[in-house]
file protein.cif (mmCIF, C-alpha atoms)
data_coords
loop_
_atom_site.group_PDB
_atom_site.id
_atom_site.type_symbol
_atom_site.label_atom_id
_atom_site.label_comp_id
_atom_site.auth_asym_id
_atom_site.auth_seq_id
_atom_site.Cartn_x
_atom_site.Cartn_y
_atom_site.Cartn_z
ATOM 1 C CA MET A 1 6.544 20.367 -0.561
ATOM 2 C CA LEU A 2 3.208 21.631 0.504
ATOM 3 C CA GLY A 3 1.279 22.107 3.701
ATOM 4 C CA SER A 4 -2.459 22.263 4.264
ATOM 5 C CA GLU A 5 -4.620 23.982 6.821
ATOM 6 C CA PRO A 6 -5.978 21.451 9.310
ATOM 7 C CA ALA A 7 -9.630 21.126 10.299
ATOM 8 C CA ALA A 8 -10.792 20.677 13.896
ATOM 9 C CA PRO A 9 -8.585 18.116 15.692
ATOM 10 C CA ARG A 10 -10.055 14.652 16.203
ATOM 11 C CA SER A 11 -8.781 11.713 18.244
ATOM 12 C CA ALA A 12 -7.227 8.714 16.517
ATOM 13 C CA PRO A 13 -9.625 5.842 15.694
ATOM 14 C CA ALA A 14 -10.147 3.268 18.444
ATOM 15 C CA SER A 15 -10.737 0.268 16.172
ATOM 16 C CA ILE A 16 -10.446 -0.967 12.604
ATOM 17 C CA ASP A 17 -14.113 -0.172 12.022
ATOM 18 C CA ASP A 18 -13.508 3.357 13.315
ATOM 19 C CA THR A 19 -10.600 3.649 10.886
ATOM 20 C CA LEU A 20 -12.863 2.638 7.986
ATOM 21 C CA SER A 21 -15.382 5.243 9.143
ATOM 22 C CA LEU A 22 -12.612 7.840 9.423
ATOM 23 C CA LEU A 23 -11.549 7.203 5.819
ATOM 24 C CA ALA A 24 -15.168 7.265 4.649
ATOM 25 C CA SER A 25 -15.733 10.596 6.415
ATOM 26 C CA ALA A 26 -13.125 12.085 4.089
ATOM 27 C CA HIS A 27 -14.612 10.297 1.032
ATOM 28 C CA TYR A 28 -11.858 7.692 0.798
ATOM 29 C CA VAL A 29 -13.196 4.252 -0.095
ATOM 30 C CA GLY A 30 -10.810 1.940 1.728
ATOM 31 C CA ASP A 31 -10.885 -1.788 2.323
ATOM 32 C CA ARG A 32 -10.412 -3.666 5.592
ATOM 33 C CA PRO A 33 -6.758 -4.715 5.049
ATOM 34 C CA LEU A 34 -5.789 -1.071 4.490
ATOM 35 C CA ALA A 35 -7.816 0.064 7.498
ATOM 36 C CA THR A 36 -6.165 -2.616 9.632
ATOM 37 C CA VAL A 37 -2.588 -1.619 8.824
ATOM 38 C CA LEU A 38 -3.456 2.069 9.128
ATOM 39 C CA PHE A 39 -5.057 1.496 12.531
ATOM 40 C CA LEU A 40 -2.002 -0.453 13.714
ATOM 41 C CA SER A 41 0.355 2.233 12.405
ATOM 42 C CA LEU A 42 -1.486 4.868 14.433
ATOM 43 C CA ARG A 43 -1.677 2.725 17.569
ATOM 44 C CA MET A 44 1.952 1.605 17.430
ATOM 45 C CA GLY A 45 3.360 4.979 16.371
ATOM 46 C CA ARG A 46 5.174 3.356 13.460
ATOM 47 C CA PRO A 47 5.633 4.817 9.953
ATOM 48 C CA LEU A 48 3.507 3.214 7.250
ATOM 49 C CA LEU A 49 5.166 2.336 3.935
ATOM 50 C CA LEU A 50 2.658 2.128 1.091
ATOM 51 C CA GLU A 51 3.757 0.600 -2.199
ATOM 52 C CA GLY A 52 1.803 0.183 -5.415
ATOM 53 C CA GLU A 53 1.470 1.371 -8.964
ATOM 54 C CA ALA A 54 1.215 5.109 -9.563
ATOM 55 C CA GLY A 55 -2.333 6.413 -9.298
ATOM 56 C CA VAL A 56 -3.809 3.858 -6.897
ATOM 57 C CA GLY A 57 -4.367 6.361 -4.079
ATOM 58 C CA LYS A 58 -1.265 6.083 -1.868
ATOM 59 C CA THR A 59 -0.648 9.823 -1.535
ATOM 60 C CA GLU A 60 -4.337 10.443 -1.030
ATOM 61 C CA ILE A 61 -4.294 8.402 2.183
ATOM 62 C CA ALA A 62 -1.973 10.894 3.880
ATOM 63 C CA LYS A 63 -4.113 13.803 2.724
ATOM 64 C CA VAL A 64 -7.294 12.101 3.915
ATOM 65 C CA LEU A 65 -5.750 11.181 7.255
ATOM 66 C CA ALA A 66 -4.636 14.762 7.891
ATOM 67 C CA ALA A 67 -8.027 16.155 6.922
ATOM 68 C CA ALA A 68 -10.017 13.595 8.934
ATOM 69 C CA LEU A 69 -7.878 13.910 12.081
ATOM 70 C CA GLY A 70 -7.571 17.680 11.811
ATOM 71 C CA ARG A 71 -3.774 17.530 11.667
ATOM 72 C CA LYS A 72 -1.384 19.590 9.627
ATOM 73 C CA LEU A 73 -0.113 17.838 6.497
ATOM 74 C CA ILE A 74 3.600 18.271 5.806
ATOM 75 C CA ARG A 75 4.692 16.850 2.463
ATOM 76 C CA LEU A 76 8.180 16.005 1.289
ATOM 77 C CA GLN A 77 8.150 15.222 -2.429
ATOM 78 C CA CYS A 78 11.189 13.065 -3.179
ATOM 79 C CA TYR A 79 13.296 13.300 -6.328
ATOM 80 C CA GLU A 80 16.732 12.313 -7.540
ATOM 81 C CA GLY A 81 19.339 14.548 -5.917
ATOM 82 C CA LEU A 82 17.178 15.480 -2.914
ATOM 83 C CA ASP A 83 19.546 16.525 -0.139
ATOM 84 C CA VAL A 84 19.465 17.547 3.519
ATOM 85 C CA ALA A 85 19.322 21.263 2.659
ATOM 86 C CA SER A 86 16.061 20.737 0.764
ATOM 87 C CA ALA A 87 14.540 18.163 3.100
ATOM 88 C CA VAL A 88 15.638 19.105 6.618
ATOM 89 C CA TYR A 89 17.141 22.590 6.976
ATOM 90 C CA GLU A 90 19.550 25.127 5.572
ATOM 91 C CA TRP A 91 20.921 28.452 6.731
ATOM 92 C CA ASN A 92 19.705 31.748 5.345
ATOM 93 C CA TYR A 93 23.101 32.860 4.090
ATOM 94 C CA ALA A 94 21.852 36.232 2.860
ATOM 95 C CA GLY A 95 20.380 36.966 6.292
ATOM 96 C CA GLN A 96 23.571 35.858 7.993
ATOM 97 C CA MET A 97 25.700 38.117 5.791
ATOM 98 C CA MET A 98 23.401 41.034 6.475
ATOM 99 C CA ALA A 99 23.697 40.427 10.232
ATOM 100 C CA ILE A 100 27.486 40.320 9.965
ATOM 101 C CA ARG A 101 27.674 43.549 7.964
ATOM 102 C CA LEU A 102 25.323 45.339 10.338
ATOM 103 C CA ALA A 103 27.445 44.197 13.261
ATOM 104 C CA GLU A 104 30.601 45.388 11.526
ATOM 105 C CA ALA A 105 29.010 48.745 10.681
ATOM 106 C CA GLY A 106 27.911 49.143 14.301
ATOM 107 C CA GLY A 107 31.367 48.338 15.553
ATOM 108 C CA ALA A 108 30.362 45.170 17.351
ATOM 109 C CA ALA A 109 33.421 43.620 18.893
ATOM 110 C CA ASP A 110 31.914 40.559 20.596
ATOM 111 C CA ARG A 111 32.599 37.829 18.040
ATOM 112 C CA GLY A 112 31.023 35.188 20.275
ATOM 113 C CA ARG A 113 27.682 36.961 20.423
ATOM 114 C CA LEU A 114 27.802 37.588 16.698
ATOM 115 C CA ALA A 115 28.393 33.883 15.995
ATOM 116 C CA GLU A 116 25.468 32.955 18.278
ATOM 117 C CA ASP A 117 23.224 35.346 16.432
ATOM 118 C CA VAL A 118 24.305 34.218 12.972
ATOM 119 C CA PHE A 119 23.655 30.574 13.829
ATOM 120 C CA SER A 120 20.415 31.125 15.734
ATOM 121 C CA GLU A 121 16.936 29.902 14.781
ATOM 122 C CA ARG A 122 16.346 33.369 13.313
ATOM 123 C CA HIS A 123 18.475 32.385 10.332
ATOM 124 C CA LEU A 124 17.444 28.708 10.205
ATOM 125 C CA VAL A 125 15.262 27.775 7.216
ATOM 126 C CA LYS A 126 13.195 24.777 8.297
ATOM 127 C CA ARG A 127 12.339 22.256 5.593
ATOM 128 C CA PRO A 128 9.582 19.583 5.829
ATOM 129 C CA LEU A 129 11.388 17.010 7.977
ATOM 130 C CA LEU A 130 12.414 19.551 10.606
ATOM 131 C CA GLN A 131 8.955 21.141 10.547
ATOM 132 C CA ALA A 132 7.418 17.720 11.228
ATOM 133 C CA LEU A 133 9.414 17.374 14.453
ATOM 134 C CA GLU A 134 8.098 20.614 15.914
ATOM 135 C CA PRO A 135 5.005 20.860 18.137
ATOM 136 C CA GLN A 136 1.903 21.603 16.084
ATOM 137 C CA GLU A 137 -1.431 22.961 17.146
ATOM 138 C CA GLY A 138 -3.958 20.123 17.250
ATOM 139 C CA GLY A 139 -1.384 17.355 17.680
ATOM 140 C CA PRO A 140 1.492 15.772 15.779
ATOM 141 C CA PRO A 141 1.293 16.432 12.036
ATOM 142 C CA VAL A 142 0.945 13.919 9.218
ATOM 143 C CA LEU A 143 4.327 13.708 7.470
ATOM 144 C CA LEU A 144 4.025 12.478 3.887
ATOM 145 C CA ILE A 145 7.321 11.313 2.381
ATOM 146 C CA ASP A 146 6.098 10.896 -1.171
ATOM 147 C CA GLU A 147 7.707 8.640 -3.799
ATOM 148 C CA LEU A 148 10.747 7.750 -1.711
ATOM 149 C CA ASP A 149 11.910 5.432 -4.490
ATOM 150 C CA ARG A 150 12.772 8.537 -6.548
ATOM 151 C CA ALA A 151 15.319 9.726 -3.953
ATOM 152 C CA ASP A 152 18.909 8.486 -3.816
ATOM 153 C CA GLU A 153 19.795 5.634 -1.479
ATOM 154 C CA ALA A 154 22.043 7.998 0.529
ATOM 155 C CA PHE A 155 19.043 10.133 1.422
ATOM 156 C CA GLU A 156 17.041 7.040 2.295
ATOM 157 C CA ALA A 157 19.810 6.090 4.742
ATOM 158 C CA TYR A 158 19.629 9.577 6.270
ATOM 159 C CA LEU A 159 15.976 8.960 7.111
ATOM 160 C CA LEU A 160 16.807 6.038 9.392
ATOM 161 C CA GLU A 161 17.583 8.220 12.428
ATOM 162 C CA ILE A 162 14.511 10.349 11.893
ATOM 163 C CA LEU A 163 12.177 7.372 11.546
ATOM 164 C CA SER A 164 13.713 5.567 14.535
ATOM 165 C CA ASP A 165 14.156 8.353 17.055
ATOM 166 C CA PHE A 166 12.196 11.215 15.489
ATOM 167 C CA GLN A 167 15.080 13.576 15.925
ATOM 168 C CA VAL A 168 17.653 15.389 13.797
ATOM 169 C CA THR A 169 20.895 17.059 14.733
ATOM 170 C CA VAL A 170 21.741 20.608 13.678
ATOM 171 C CA PRO A 171 25.446 20.875 14.563
ATOM 172 C CA GLU A 172 25.267 24.572 15.432
ATOM 173 C CA LEU A 173 22.122 24.240 17.589
ATOM 174 C CA GLY A 174 22.057 20.661 18.870
ATOM 175 C CA THR A 175 19.509 17.878 18.601
ATOM 176 C CA VAL A 176 15.902 18.658 17.746
ATOM 177 C CA ARG A 177 13.576 15.941 19.049
ATOM 178 C CA ALA A 178 9.831 15.696 18.381
ATOM 179 C CA PRO A 179 7.767 15.964 21.601
ATOM 180 C CA ALA A 180 5.411 13.407 20.035
ATOM 181 C CA PRO A 181 6.140 11.381 16.873
ATOM 182 C CA PRO A 182 4.465 12.642 13.709
ATOM 183 C CA ILE A 183 2.166 10.310 11.776
ATOM 184 C CA VAL A 184 4.426 9.179 8.938
ATOM 185 C CA ILE A 185 3.154 7.916 5.587
ATOM 186 C CA ILE A 186 5.808 6.886 3.045
ATOM 187 C CA THR A 187 4.881 6.055 -0.537
ATOM 188 C CA SER A 188 6.821 4.225 -3.213
ATOM 189 C CA ASN A 189 5.952 3.369 -6.813
ATOM 190 C CA ARG A 190 8.626 0.661 -6.630
ATOM 191 C CA THR A 191 10.815 2.053 -9.397
ATOM 192 C CA ARG A 192 13.595 0.713 -7.165
ATOM 193 C CA GLU A 193 13.569 -1.469 -4.058
ATOM 194 C CA ILE A 194 13.438 0.317 -0.692
ATOM 195 C CA HIS A 195 16.233 -0.864 1.614
ATOM 196 C CA ASP A 196 15.428 -3.470 4.266
ATOM 197 C CA ALA A 197 16.750 -1.217 7.055
ATOM 198 C CA LEU A 198 14.072 1.337 6.333
ATOM 199 C CA LYS A 199 11.370 -1.295 5.830
ATOM 200 C CA ARG A 200 12.109 -2.692 9.290
ATOM 201 C CA ARG A 201 11.166 0.658 10.786
ATOM 202 C CA CYS A 202 7.794 0.691 9.021
ATOM 203 C CA LEU A 203 4.590 -1.237 8.732
ATOM 204 C CA TYR A 204 4.045 -2.229 5.113
ATOM 205 C CA HIS A 205 1.041 -2.407 2.811
ATOM 206 C CA TRP A 206 0.719 -3.005 -0.912
ATOM 207 C CA ILE A 207 -2.116 -1.101 -2.585
ATOM 208 C CA ASP A 208 -3.387 -2.779 -5.726
ATOM 209 C CA TYR A 209 -5.809 -1.548 -8.339
ATOM 210 C CA PRO A 210 -9.318 -1.592 -6.869
ATOM 211 C CA SER A 211 -11.936 -4.178 -7.746
ATOM 212 C CA ALA A 212 -14.755 -3.037 -10.040
ATOM 213 C CA GLU A 213 -17.117 -2.779 -7.085
ATOM 214 C CA ARG A 214 -14.706 -0.613 -5.098
ATOM 215 C CA GLU A 215 -13.859 1.532 -8.097
ATOM 216 C CA ARG A 216 -17.576 2.200 -8.684
ATOM 217 C CA ALA A 217 -17.862 3.203 -5.035
ATOM 218 C CA ILE A 218 -14.879 5.563 -5.456
ATOM 219 C CA LEU A 219 -16.527 7.195 -8.455
ATOM 220 C CA ALA A 220 -19.836 7.469 -6.615
ATOM 221 C CA ALA A 221 -18.030 9.360 -3.848
ATOM 222 C CA LYS A 222 -15.638 11.420 -5.962
ATOM 223 C CA ALA A 223 -17.359 11.870 -9.332
ATOM 224 C CA PRO A 224 -21.112 11.455 -8.789
ATOM 225 C CA GLY A 225 -21.888 13.553 -11.860
ATOM 226 C CA ALA A 226 -21.106 10.620 -14.138
ATOM 227 C CA GLY A 227 -24.322 8.833 -13.199
ATOM 228 C CA GLU A 228 -24.777 5.152 -12.403
ATOM 229 C CA ALA A 229 -25.063 3.778 -15.959
ATOM 230 C CA LEU A 230 -21.999 5.587 -17.316
ATOM 231 C CA THR A 231 -20.047 4.756 -14.165
ATOM 232 C CA ARG A 232 -20.720 1.028 -14.607
ATOM 233 C CA GLU A 233 -19.567 1.139 -18.231
ATOM 234 C CA LEU A 234 -16.449 3.237 -17.775
ATOM 235 C CA VAL A 235 -15.308 1.235 -14.748
ATOM 236 C CA ALA A 236 -15.798 -2.016 -16.670
ATOM 237 C CA PHE A 237 -13.830 -0.535 -19.581
ATOM 238 C CA VAL A 238 -10.954 0.585 -17.371
ATOM 239 C CA GLN A 239 -10.862 -2.771 -15.600
ATOM 240 C CA ARG A 240 -10.514 -4.509 -18.973
ATOM 241 C CA LEU A 241 -7.978 -1.942 -20.137
ATOM 242 C CA ARG A 242 -5.725 -2.843 -17.199
ATOM 243 C CA GLY A 243 -5.554 -6.364 -18.582
ATOM 244 C CA GLU A 244 -4.123 -5.133 -21.891
ATOM 245 C CA ASP A 245 -0.413 -5.138 -22.696
ATOM 246 C CA LEU A 246 0.251 -1.476 -21.859
ATOM 247 C CA PHE A 247 3.348 0.420 -20.805
ATOM 248 C CA LYS A 248 1.301 2.170 -18.085
ATOM 249 C CA ALA A 249 -2.154 1.011 -17.091
ATOM 250 C CA PRO A 250 -4.557 3.708 -15.894
ATOM 251 C CA GLY A 251 -4.831 4.238 -12.140
ATOM 252 C CA VAL A 252 -7.780 5.389 -10.082
ATOM 253 C CA ALA A 253 -6.766 9.006 -10.650
ATOM 254 C CA GLU A 254 -7.126 8.494 -14.409
ATOM 255 C CA THR A 255 -10.506 6.790 -13.956
ATOM 256 C CA LEU A 256 -11.723 9.812 -11.987
ATOM 257 C CA ASP A 257 -10.358 12.167 -14.651
ATOM 258 C CA TRP A 258 -12.075 10.152 -17.383
ATOM 259 C CA ALA A 259 -15.392 10.207 -15.532
ATOM 260 C CA THR A 260 -15.101 13.979 -15.214
ATOM 261 C CA ALA A 261 -14.130 14.356 -18.880
ATOM 262 C CA LEU A 262 -17.048 12.241 -20.101
ATOM 263 C CA THR A 263 -19.404 14.207 -17.870
ATOM 264 C CA GLU A 264 -18.085 17.444 -19.355
ATOM 265 C CA LEU A 265 -18.856 16.014 -22.805
ATOM 266 C CA ASP A 266 -22.417 15.148 -21.687
ATOM 267 C CA ALA A 267 -21.803 11.448 -22.378
ATOM 268 C CA VAL A 268 -24.366 9.074 -20.885
ATOM 269 C CA ALA A 269 -22.844 5.866 -22.269
ATOM 270 C CA LEU A 270 -19.612 4.707 -23.880
ATOM 271 C CA ASP A 271 -19.282 4.687 -27.626
ATOM 272 C CA PRO A 272 -16.117 3.854 -29.610
ATOM 273 C CA ALA A 273 -15.754 7.348 -31.101
ATOM 274 C CA THR A 274 -15.867 9.078 -27.721
ATOM 275 C CA VAL A 275 -13.485 6.523 -26.256
ATOM 276 C CA ASP A 276 -11.002 7.172 -29.076
ATOM 277 C CA ASP A 277 -11.281 10.928 -28.621
ATOM 278 C CA THR A 278 -10.664 10.771 -24.861
ATOM 279 C CA LEU A 279 -8.036 8.026 -24.568
ATOM 280 C CA GLY A 280 -5.456 10.677 -23.687
ATOM 281 C CA VAL A 281 -7.221 11.134 -20.353
ATOM 282 C CA LEU A 282 -6.641 7.475 -19.485
ATOM 283 C CA LEU A 283 -3.353 6.658 -21.205
ATOM 284 C CA LYS A 284 -0.198 8.774 -21.070
ATOM 285 C CA TYR A 285 1.973 7.081 -23.680
ATOM 286 C CA GLN A 286 1.429 7.385 -27.423
ATOM 287 C CA ASP A 287 2.318 3.722 -27.998
ATOM 288 C CA ASP A 288 -0.449 2.710 -25.556
ATOM 289 C CA ILE A 289 -2.960 5.022 -27.226
ATOM 290 C CA ALA A 290 -2.030 3.714 -30.687
ATOM 291 C CA ARG A 291 -2.430 0.142 -29.442
ATOM 292 C CA ILE A 292 -5.958 0.710 -28.071
ATOM 293 C CA ALA A 293 -7.494 3.320 -30.390
ATOM 294 C CA GLY A 294 -9.747 2.104 -33.173
ATOM 295 C CA SER A 295 -10.621 -1.574 -33.458
ATOM 296 C CA ARG A 296 -9.330 -2.567 -29.998
ATOM 297 C CA ALA A 297 -11.318 0.189 -28.280
ATOM 298 C CA ARG A 298 -14.410 -0.849 -30.221
ATOM 299 C CA ALA A 299 -13.908 -4.482 -29.184
ATOM 300 C CA LEU A 300 -13.510 -3.492 -25.524
ATOM 301 C CA VAL A 301 -16.687 -1.409 -25.649
ATOM 302 C CA ASP A 302 -18.540 -4.382 -27.150
ATOM 303 C CA GLN A 303 -17.205 -6.657 -24.402
ATOM 304 C CA VAL A 304 -18.322 -4.178 -21.741
ATOM 305 C CA ARG A 305 -21.812 -3.992 -23.193
ATOM 306 C CA ALA A 306 -22.034 -7.777 -23.421
ATOM 307 C CA GLU A 307 -20.835 -8.080 -19.814
ATOM 308 C CA LEU A 308 -23.202 -5.511 -18.361
ATOM 309 C CA GLY A 309 -26.216 -6.135 -20.593
ATOM 310 C CA PRO A 310 -28.932 -3.549 -21.207
ATOM 311 C CA ALA A 311 -28.777 -0.477 -18.950
#

call {"tool": "encode", "arguments": {"input": "protein.cif", "output": "structure tokens"}}
result
Amino acid sequence: MLGSEPAAPRSAPASIDDTLSLLASAHYVGDRPLATVLFLSLRMGRPLLLEGEAGVGKTEIAKVLAAALGRKLIRLQCYEGLDVASAVYEWNYAGQMMAIRLAEAGGAADRGRLAEDVFSERHLVKRPLLQALEPQEGGPPVLLIDELDRADEAFEAYLLEILSDFQVTVPELGTVRAPAPPIVIITSNRTREIHDALKRRCLYHWIDYPSAERERAILAAKAPGAGEALTRELVAFVQRLRGEDLFKAPGVAETLDWATALTELDAVALDPATVDDTLGVLLKYQDDIARIAGSRARALVDQVRAELGPA
């Protein structure tokens, strides 16, 4: 769960084209369908649920949106066993005990005042969801609920009130309601199906692997050191690799890492030996690496060269 320092605040985009420009200003190469659903999410004040394979840039959209709009980014990383104490709030029990002992040592007799103090905001530890409901300088924050499919279904059900009414109830303090709804981006790698009740509260968009043209544009923006010729070859290789029978195909994040790795090795073109030596940057399972290394990698490099022709 991380936060980031916002830049100068900026108004929300007024059109789909403005949304594309907003993404581009933060070096995110988006397409029109993504810009459309993002624009509508901002205009309608509805959470946006992004699904797709890991590494296709879902999380990055929330980061880019926060940076481009100058809003604070509040991130809730989901995992199995995530509970309200970790996601919303908990009490600082050590601080409460200290307050009680100090009151006892001072001879405080007013139990009502002591209870009010113990359960005051002074001892409330605010977690990401509660932080996102508070007023923020520069406007409502961007709340990233990342990899919701990793959380238990019970926690997903807990989110329904927050995503509908943008409020939570702290029994000892009352209801905390956001003065203006945060911008909510939810991501899922679809390891399990998100419940329909939550989907109904969101706009939905599936993010697929990028086309070769878009992936080259992403590398040009994010990893320009690779150069045009190497970029064309490595993108063509990765695109073909995604068509192989792999346990986990490489995402855009792996393509960017590979471009950086090849640049660090002063590579100017693909060759089978270098591909073999660096497959661990692209593939994260030994079975996948064993399947591609050697003759298959050499064949893919040959196909890429035949496809692209002379540099």

call {"tool": "closest_residue", "arguments": {"input": "protein.cif", "among": "A:Ser11, A:Met98, A:Leu20, A:Arg192", "to": "A:Arg43", "atoms": "only C-alpha atoms"}}
result
A:Ser11

call {"tool": "closest_residue", "arguments": {"input": "protein.cif", "among": "A:Ser41, A:Thr169, A:Thr19, A:Ser86", "to": "A:Ile186", "atoms": "all atoms listed in the file"}}
result
A:Ser41

call {"tool": "resolve_selection", "arguments": {"input": "protein.cif", "expression": "the PyMOL selection byres ((chain A and resi 295-300) around 9)", "output": "ChimeraX atom specification"}}
result
/A:237,240-241,271-273,275-276,291-294,301-305

call {"tool": "write_last_selection", "arguments": {"input": "protein.cif", "atoms": "C-alpha atoms", "output": "compact mmCIF listing (two decimals), keeping the file's coordinate frame"}}
result
# COMPACT_ATOMS: atom_id res chain seq x y z
CA PHE A 237 -13.83 -0.54 -19.58
CA ARG A 240 -10.51 -4.51 -18.97
CA LEU A 241 -7.98 -1.94 -20.14
CA ASP A 271 -19.28 4.69 -27.63
CA PRO A 272 -16.12 3.85 -29.61
CA ALA A 273 -15.75 7.35 -31.10
CA VAL A 275 -13.48 6.52 -26.26
CA ASP A 276 -11.00 7.17 -29.08
CA ARG A 291 -2.43 0.14 -29.44
CA ILE A 292 -5.96 0.71 -28.07
CA ALA A 293 -7.49 3.32 -30.39
CA GLY A 294 -9.75 2.10 -33.17
CA VAL A 301 -16.69 -1.41 -25.65
CA ASP A 302 -18.54 -4.38 -27.15
CA GLN A 303 -17.20 -6.66 -24.40
CA VAL A 304 -18.32 -4.18 -21.74
CA ARG A 305 -21.81 -3.99 -23.19

call {"tool": "atom_distance", "arguments": {"input": "protein.cif", "atom1": "atom CA of A:Leu48", "atom2": "atom CA of A:Leu65"}}
result
12.2 Å

call {"tool": "closest_residue", "arguments": {"input": "protein.cif", "among": "A:Leu22, A:Leu160, A:Leu234, A:Ala220", "to": "A:Val64", "atoms": "all atoms listed in the file"}}
result
A:Leu22

call {"tool": "atom_distance", "arguments": {"input": "protein.cif", "atom1": "atom CA of A:Asp152", "atom2": "atom CA of A:Ile74"}}
result
20.6 Å

call {"tool": "resolve_selection", "arguments": {"input": "protein.cif", "expression": "the PyMOL selection byres ((chain A and resi 284) around 10)", "output": "VMD selection string"}}
result
chain A and resid 247 to 250 254 279 to 283 285 to 289

call {"tool": "residues_around", "arguments": {"input": "protein.cif", "residues": "A:Leu143", "least_positions_apart": "6", "cutoff": "6 Å", "atoms": "all atoms listed in the file", "output": "PDB file with C-alpha atoms, in the frame of the given file"}}
result
ATOM      1  CA  ILE A  74       3.600  18.271   5.806  1.00  0.00           C
ATOM      2  CA  ARG A  75       4.692  16.850   2.463  1.00  0.00           C
ATOM      3  CA  ILE A 183       2.166  10.310  11.776  1.00  0.00           C
ATOM      4  CA  VAL A 184       4.426   9.179   8.938  1.00  0.00           C
TER       5      VAL A 184
END

call {"tool": "resolve_selection", "arguments": {"input": "protein.cif", "expression": "the PyMOL selection byres ((chain A and resi 127) around 7)", "output": "ChimeraX atom specification"}}
result
/A:86-89,125-126,128-131

call {"tool": "closest_residue", "arguments": {"input": "protein.cif", "among": "A:Leu114, A:Leu198, A:Ala12, A:Ala229", "to": "A:Gly139", "atoms": "all atoms listed in the file"}}
result
A:Ala12

call {"tool": "closest_residue", "arguments": {"input": "protein.cif", "among": "A:Val268, A:Ala290, A:Leu219, A:Leu42", "to": "A:Thr255", "atoms": "only C-alpha atoms"}}
result
A:Leu219

call {"tool": "closest_residue", "arguments": {"input": "protein.cif", "among": "A:Glu80, A:Arg201, A:Arg101, A:Ala223", "to": "A:Glu153", "atoms": "all atoms listed in the file"}}
result
A:Glu80

call {"tool": "closest_atom_pairs", "arguments": {"input": "protein.cif", "of": "stretch 142-227 of chain A", "to": "stretch 59-63 of chain A", "cutoff": "8 Å", "atoms": "all atoms listed in the file", "output": "Markdown table"}}
result
| residue | atom | partner | partner_atom | distance |
| --- | --- | --- | --- | --- |
| A:Val142 | CA | A:Ala62 | CA | 6.8 |
| A:Leu143 | CA | A:Ala62 | CA | 7.8 |
| A:Leu144 | CA | A:Ala62 | CA | 6.2 |
| A:Asp146 | CA | A:Thr59 | CA | 6.8 |
| A:Ile185 | CA | A:Ala62 | CA | 6.2 |
| A:Thr187 | CA | A:Thr59 | CA | 6.8 |

call {"tool": "axis_aligned_box", "arguments": {"input": "protein.cif", "around": "stretch 197-209 of chain A", "padding_each_side": "8 Å", "output": "AutoDock Vina command-line options"}}
result
--center_x 5.5 --center_y -0.8 --center_z 1.2 --size_x 38.6 --size_y 20.3 --size_z 35.1

call {"tool": "atom_distance", "arguments": {"input": "protein.cif", "atom1": "atom CA of A:Asp18", "atom2": "atom CA of A:Leu69"}}
result
12.0 Å

call {"tool": "residues_near_point", "arguments": {"input": "protein.cif", "point": "(1.9, 1.8, -0.1)", "cutoff": "6 Å", "atoms": "only C-alpha atoms", "output": "list of chain:residue names"}}
result
A:Leu49, A:Leu50, A:Glu51, A:Gly52, A:Lys58, A:Thr187, A:His205, A:Trp206, A:Ile207

call {"tool": "closest_atom_pairs", "arguments": {"input": "protein.cif", "of": "stretch 38-80 of chain A", "to": "stretch 132-138 of chain A", "cutoff": "12 Å", "atoms": "only C-alpha atoms", "output": "JSON lines"}}
result
{"residue": "A:Ala66", "atom": "CA", "partner": "A:Gly138", "partner_atom": "CA", "distance": 10.8}
{"residue": "A:Ala67", "atom": "CA", "partner": "A:Gly138", "partner_atom": "CA", "distance": 11.8}
{"residue": "A:Leu69", "atom": "CA", "partner": "A:Gly138", "partner_atom": "CA", "distance": 9.0}
{"residue": "A:Gly70", "atom": "CA", "partner": "A:Gly138", "partner_atom": "CA", "distance": 7.0}
{"residue": "A:Arg71", "atom": "CA", "partner": "A:Gly138", "partner_atom": "CA", "distance": 6.2}
{"residue": "A:Lys72", "atom": "CA", "partner": "A:Gln136", "partner_atom": "CA", "distance": 7.5}
{"residue": "A:Leu73", "atom": "CA", "partner": "A:Ala132", "partner_atom": "CA", "distance": 8.9}
{"residue": "A:Ile74", "atom": "CA", "partner": "A:Ala132", "partner_atom": "CA", "distance": 6.7}
{"residue": "A:Arg75", "atom": "CA", "partner": "A:Ala132", "partner_atom": "CA", "distance": 9.2}
{"residue": "A:Leu76", "atom": "CA", "partner": "A:Ala132", "partner_atom": "CA", "distance": 10.1}

call {"tool": "residues_around", "arguments": {"input": "protein.cif", "residues": "A:Gly225", "least_positions_apart": "4", "cutoff": "12 Å", "atoms": "only C-alpha atoms", "output": "count of residues only"}}
result
19

call {"tool": "residues_around", "arguments": {"input": "protein.cif", "residues": "A:Ile100", "least_positions_apart": "5", "cutoff": "9 Å", "atoms": "all atoms listed in the file", "output": "MDAnalysis selection string"}}
result
chainID A and resid 95 105 114:115 118

call {"tool": "build_atoms", "arguments": {"input": "protein.cif", "residues": "stretch 90-94 of chain A", "atoms": "N, CA and C atoms", "output": "short mmCIF file (atom, residue, chain, number, x, y, z; two decimals), keeping the file's coordinate frame"}}
result
data_model
loop_
_atom_site.label_atom_id
_atom_site.label_comp_id
_atom_site.auth_asym_id
_atom_site.auth_seq_id
_atom_site.Cartn_x
_atom_site.Cartn_y
_atom_site.Cartn_z
N GLU A 90 18.38 24.44 6.09
CA GLU A 90 19.55 25.13 5.57
C GLU A 90 19.61 26.49 6.25
N TRP A 91 20.76 27.14 6.12
CA TRP A 91 20.92 28.45 6.73
C TRP A 91 20.61 29.53 5.71
N ASN A 92 20.00 30.59 6.19
CA ASN A 92 19.70 31.75 5.34
C ASN A 92 20.99 32.58 5.22
N TYR A 93 21.77 32.23 4.21
CA TYR A 93 23.10 32.86 4.09
C TYR A 93 22.99 34.37 3.86
N ALA A 94 22.02 34.80 3.09
CA ALA A 94 21.85 36.23 2.86
C ALA A 94 21.56 36.96 4.18
#
